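**Q** Got a structure here, written out as structure tokens. Questions coming.
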Amino acid sequence: MSELDIIAALICFLAWAVFSWATDREHGFLPASLTLVMNVHRAAWMENCLRRDLKMIDTSIMAGLQQGTGFFASTALLAIGGCFALLGATDQVLGVLSDIPLGVAADRQAFELKVAGLIVIFCYSFFKFGWSYRLFNYCQILVGAIPMVEDAEGDRDRADQCVKRAAAINILAGKHFNAGFRAIFISLGYIGWFIGPVVFLFTTLLVMLVLIRRQYFSAARRALTSGVDI
């Protein structure tokens, strides 16, 4: 590991941490990220749930979100298994990397350390997806606890508390899902490290630019903020 390798790794994880901090919280000097905009719509969804007796609509939507979360959790597990398989084929991979005309240093110890870092990223992603899956399950229970329209009119304070609890867990589940999904994107930039630290810096920059664009300058954000007080 050269000094440039260490610097590239630190820049990658620092950029990851700063981006997560910027997009998951409100800041007076930054516009609302796509994640925060969606949190507003999640809360509005739970408020609408209070005004309809057919909660099957909401639990059906929740089941779809939970199914997608479970899919990505399974994908993260498969990626972890693939990384361990990669460790078992170190010699073959190093032979391929040494043939790449980019001056790649085929060092076994460095390669295994990089794969170990990739395993850590996928493990983090799996835990985030797993906890998000569990939170969506909790949210379904809380949606079931929201009173019917007639009962809500009789005890408005209790009904509002039920809605706030469901919205809070829904938002938290989305936050952990986004964290796991973000780790998957970071892993794509991390793969550039297997070629070299300069490529690693470039792929990290490319991934961060894509993520920043989607959070602050995408067509999806413009559509979601239209007519919404953020």
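Residues are named by chain letter and number: chains run A, B, ... in the order of the structure tokens, numbers start at 1 in each chain, and ligands are numbered from 1 in the order shown.
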List the spatial neighbours of range 1-13 of chain A as a ChimeraX atom specification - criterion: any atom at most 9 Å away, only C-alpha atoms, same-chain residues fewer than 2 positions off excluded.
**A** /A:15-18,107,109-110,186,189-190,193,196-198,200-201,204-205
**Q** Residues at most 8 Å from range 42-47 of chain A, counting only C-alpha atoms, excluding those fewer than 6 positions away in the same chain, as a list in words?
**A** Val143, Val163, Lys164, Ala166, Ala167, Ala168, Asn170 and Ile171 of chain A
**Q** Any idea what's packed within 7 Å of range 67-76 of chain A, counting only C-alpha atoms, ignoring anything in its chain fewer than 2 positions away? Could you give it as a PyMOL selection string?
**A** chain A and resi 63-65+78-80+122+125-126+129-130+133+177
**Q** Write the selection just made, keeping all heavy atoms, as an mmCIF file, in the first residue's frame?
**A**
data_model
loop_
_atom_site.group_PDB
_atom_site.id
_atom_site.type_symbol
_atom_site.label_atom_id
_atom_site.label_comp_id
_atom_site.auth_asym_id
_atom_site.auth_seq_id
_atom_site.Cartn_x
_atom_site.Cartn_y
_atom_site.Cartn_z
ATOM 1 N N ALA A 63 -45.805 -3.481 1.714
ATOM 2 C CA ALA A 63 -45.287 -4.803 1.351
ATOM 3 C C ALA A 63 -44.367 -4.711 0.137
ATOM 4 O O ALA A 63 -43.359 -5.418 0.055
ATOM 5 C CB ALA A 63 -46.448 -5.755 1.070
ATOM 6 N N GLY A 64 -44.725 -3.837 -0.810
ATOM 7 C CA GLY A 64 -43.867 -3.639 -1.967
ATOM 8 C C GLY A 64 -42.512 -3.057 -1.584
ATOM 9 O O GLY A 64 -41.472 -3.492 -2.093
ATOM 10 N N LEU A 65 -42.528 -2.087 -0.680
ATOM 11 C CA LEU A 65 -41.270 -1.512 -0.203
ATOM 12 C C LEU A 65 -40.435 -2.554 0.528
ATOM 13 O O LEU A 65 -39.214 -2.625 0.364
ATOM 14 C CB LEU A 65 -41.568 -0.334 0.734
ATOM 15 C CG LEU A 65 -42.225 0.897 0.101
ATOM 16 C CD1 LEU A 65 -42.587 1.914 1.173
ATOM 17 C CD2 LEU A 65 -41.295 1.529 -0.936
ATOM 18 N N LEU A 78 -25.172 -12.036 -1.483
ATOM 19 C CA LEU A 78 -24.528 -12.662 -2.632
ATOM 20 C C LEU A 78 -23.201 -11.979 -2.958
ATOM 21 O O LEU A 78 -22.225 -12.638 -3.337
ATOM 22 C CB LEU A 78 -25.461 -12.613 -3.849
ATOM 23 C CG LEU A 78 -26.717 -13.488 -3.781
ATOM 24 C CD1 LEU A 78 -27.619 -13.224 -4.981
ATOM 25 C CD2 LEU A 78 -26.337 -14.958 -3.716
ATOM 26 N N ALA A 79 -23.179 -10.655 -2.817
ATOM 27 C CA ALA A 79 -21.933 -9.913 -3.072
ATOM 28 C C ALA A 79 -20.857 -10.296 -2.064
ATOM 29 O O ALA A 79 -19.677 -10.411 -2.427
ATOM 30 C CB ALA A 79 -22.209 -8.412 -3.021
ATOM 31 N N ILE A 80 -21.255 -10.498 -0.808
ATOM 32 C CA ILE A 80 -20.287 -10.927 0.212
ATOM 33 C C ILE A 80 -19.719 -12.290 -0.150
ATOM 34 O O ILE A 80 -18.503 -12.527 -0.066
ATOM 35 C CB ILE A 80 -20.960 -10.956 1.599
ATOM 36 C CG1 ILE A 80 -21.319 -9.539 2.044
ATOM 37 C CG2 ILE A 80 -20.033 -11.605 2.634
ATOM 38 C CD1 ILE A 80 -22.184 -9.492 3.289
ATOM 39 N N PHE A 122 -20.070 -4.269 1.910
ATOM 40 C CA PHE A 122 -21.269 -5.063 1.635
ATOM 41 C C PHE A 122 -21.931 -5.544 2.933
ATOM 42 O O PHE A 122 -23.166 -5.658 2.987
ATOM 43 C CB PHE A 122 -20.928 -6.245 0.736
ATOM 44 C CG PHE A 122 -20.696 -5.868 -0.702
ATOM 45 C CD1 PHE A 122 -19.571 -6.301 -1.385
ATOM 46 C CD2 PHE A 122 -21.610 -5.081 -1.377
ATOM 47 C CE1 PHE A 122 -19.357 -5.955 -2.708
ATOM 48 C CE2 PHE A 122 -21.407 -4.713 -2.706
ATOM 49 C CZ PHE A 122 -20.280 -5.161 -3.367
ATOM 50 N N SER A 125 -23.868 -2.669 4.126
ATOM 51 C CA SER A 125 -25.069 -2.556 3.308
ATOM 52 C C SER A 125 -26.119 -3.581 3.726
ATOM 53 O O SER A 125 -27.314 -3.259 3.844
ATOM 54 C CB SER A 125 -24.703 -2.754 1.834
ATOM 55 O OG SER A 125 -25.844 -2.699 1.014
ATOM 56 N N PHE A 126 -25.704 -4.810 3.980
ATOM 57 C CA PHE A 126 -26.647 -5.854 4.382
ATOM 58 C C PHE A 126 -27.330 -5.511 5.697
ATOM 59 O O PHE A 126 -28.552 -5.663 5.838
ATOM 60 C CB PHE A 126 -25.936 -7.201 4.504
ATOM 61 C CG PHE A 126 -26.799 -8.270 5.133
ATOM 62 C CD1 PHE A 126 -27.831 -8.849 4.408
ATOM 63 C CD2 PHE A 126 -26.594 -8.659 6.445
ATOM 64 C CE1 PHE A 126 -28.638 -9.822 4.995
ATOM 65 C CE2 PHE A 126 -27.396 -9.620 7.032
ATOM 66 C CZ PHE A 126 -28.425 -10.214 6.306
ATOM 67 N N PHE A 129 -29.925 -2.788 5.069
ATOM 68 C CA PHE A 129 -31.116 -3.314 4.405
ATOM 69 C C PHE A 129 -31.923 -4.199 5.348
ATOM 70 O O PHE A 129 -33.163 -4.165 5.353
ATOM 71 C CB PHE A 129 -30.724 -4.115 3.156
ATOM 72 C CG PHE A 129 -30.309 -3.272 1.993
ATOM 73 C CD1 PHE A 129 -29.149 -3.548 1.285
ATOM 74 C CD2 PHE A 129 -31.085 -2.201 1.580
ATOM 75 C CE1 PHE A 129 -28.766 -2.787 0.198
ATOM 76 C CE2 PHE A 129 -30.718 -1.423 0.486
ATOM 77 C CZ PHE A 129 -29.550 -1.718 -0.203
ATOM 78 N N GLY A 130 -31.210 -5.009 6.147
ATOM 79 C CA GLY A 130 -31.909 -5.885 7.082
ATOM 80 C C GLY A 130 -32.702 -5.109 8.116
ATOM 81 O O GLY A 130 -33.853 -5.461 8.434
ATOM 82 N N TYR A 133 -35.719 -3.495 6.465
ATOM 83 C CA TYR A 133 -36.769 -4.493 6.266
ATOM 84 C C TYR A 133 -37.578 -4.665 7.547
ATOM 85 O O TYR A 133 -38.813 -4.723 7.520
ATOM 86 C CB TYR A 133 -36.132 -5.819 5.849
ATOM 87 C CG TYR A 133 -37.109 -6.904 5.475
ATOM 88 C CD1 TYR A 133 -37.502 -7.070 4.154
ATOM 89 C CD2 TYR A 133 -37.628 -7.768 6.431
ATOM 90 C CE1 TYR A 133 -38.391 -8.069 3.792
ATOM 91 C CE2 TYR A 133 -38.519 -8.763 6.091
ATOM 92 C CZ TYR A 133 -38.895 -8.913 4.761
ATOM 93 O OH TYR A 133 -39.792 -9.903 4.430
ATOM 94 N N PHE A 177 -32.700 2.250 4.387
ATOM 95 C CA PHE A 177 -32.661 1.708 3.023
ATOM 96 C C PHE A 177 -31.735 2.549 2.148
ATOM 97 O O PHE A 177 -30.924 2.005 1.388
ATOM 98 C CB PHE A 177 -34.067 1.690 2.429
ATOM 99 C CG PHE A 177 -34.107 1.211 1.004
ATOM 100 C CD1 PHE A 177 -34.150 -0.144 0.717
ATOM 101 C CD2 PHE A 177 -34.091 2.120 -0.050
ATOM 102 C CE1 PHE A 177 -34.172 -0.588 -0.603
ATOM 103 C CE2 PHE A 177 -34.113 1.678 -1.359
ATOM 104 C CZ PHE A 177 -34.157 0.326 -1.646
#
**Q** Could you please determine the separation between CA of Phe217 in chain A and CA of Ala22 in chain A in Å, to one decimal place?
**A**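 Distance reported for this atom pair: 14.5 Å.
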**Q** Rounded to one decimal in Å, what is the spacing between CA of Ala183 in chain A and CA of Val207 in chain A?
**A**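 Between these atoms lies a distance of 11.0 Å.
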**Q** For a test of reading the model, state the distance in Å between CA of Glu26 in chain A and CA of Lys128 in chain A, rounded to one decimal.
**A**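 Calculated distance between CA of Glu26 in chain A and CA of Lys128 in chain A is 21.2 Å.
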**Q** Which one is closest to Arg108 in chain A: A:Ile184, A:Ala85, A:Phe194, A:Ile141? Count only C-alpha atoms.
**A** A:Phe194
**Q** Select, from A:Cys83, A:Ala116, A:Ile212, A:Ile121, the residue with the minimum atom-to-atom distance to Ala32 in chain A, counting only C-alpha atoms.
**A**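 Selected residue with least distance to Ala32 in chain A: A:Ile212.
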**Q** With distances taken over only C-alpha atoms, which residue among A:Asn39, A:Cys49, A:Gly81, A:Phe29 lies nearest Leu172 in chain A?
**A** A:Asn39
**Q** From the set A:Ser187, A:Gly180, A:Tyr138, A:His27, which residue has the shortest atom-to-atom contact distance to Met208 in chain A, counting only C-alpha atoms?
**A**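 Selected residue with least distance to Met208 in chain A: A:Ser187.
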**Q** Using only C-alpha atoms, which of the listed residues (A:Met56, A:Leu34, A:Leu86, A:Phe127) sits closest to Ala179 in chain A?
**A** A:Phe127
**Q** Write out as number ranges by chain the set of residues from chain A that DSSP, computed on the backbone, places in alpha helix (DSSP H).
**A** A: 3-24, 34-50, 56-88, 90-99, 108-145, 149-154, 156-190, 197-212, 219-225
**Q** Taking only C-alpha atoms into account, which of A:Ser20, A:Glu112, A:Leu118, A:Met62 comes nearest Asn137 in chain A?
**A** A:Met62
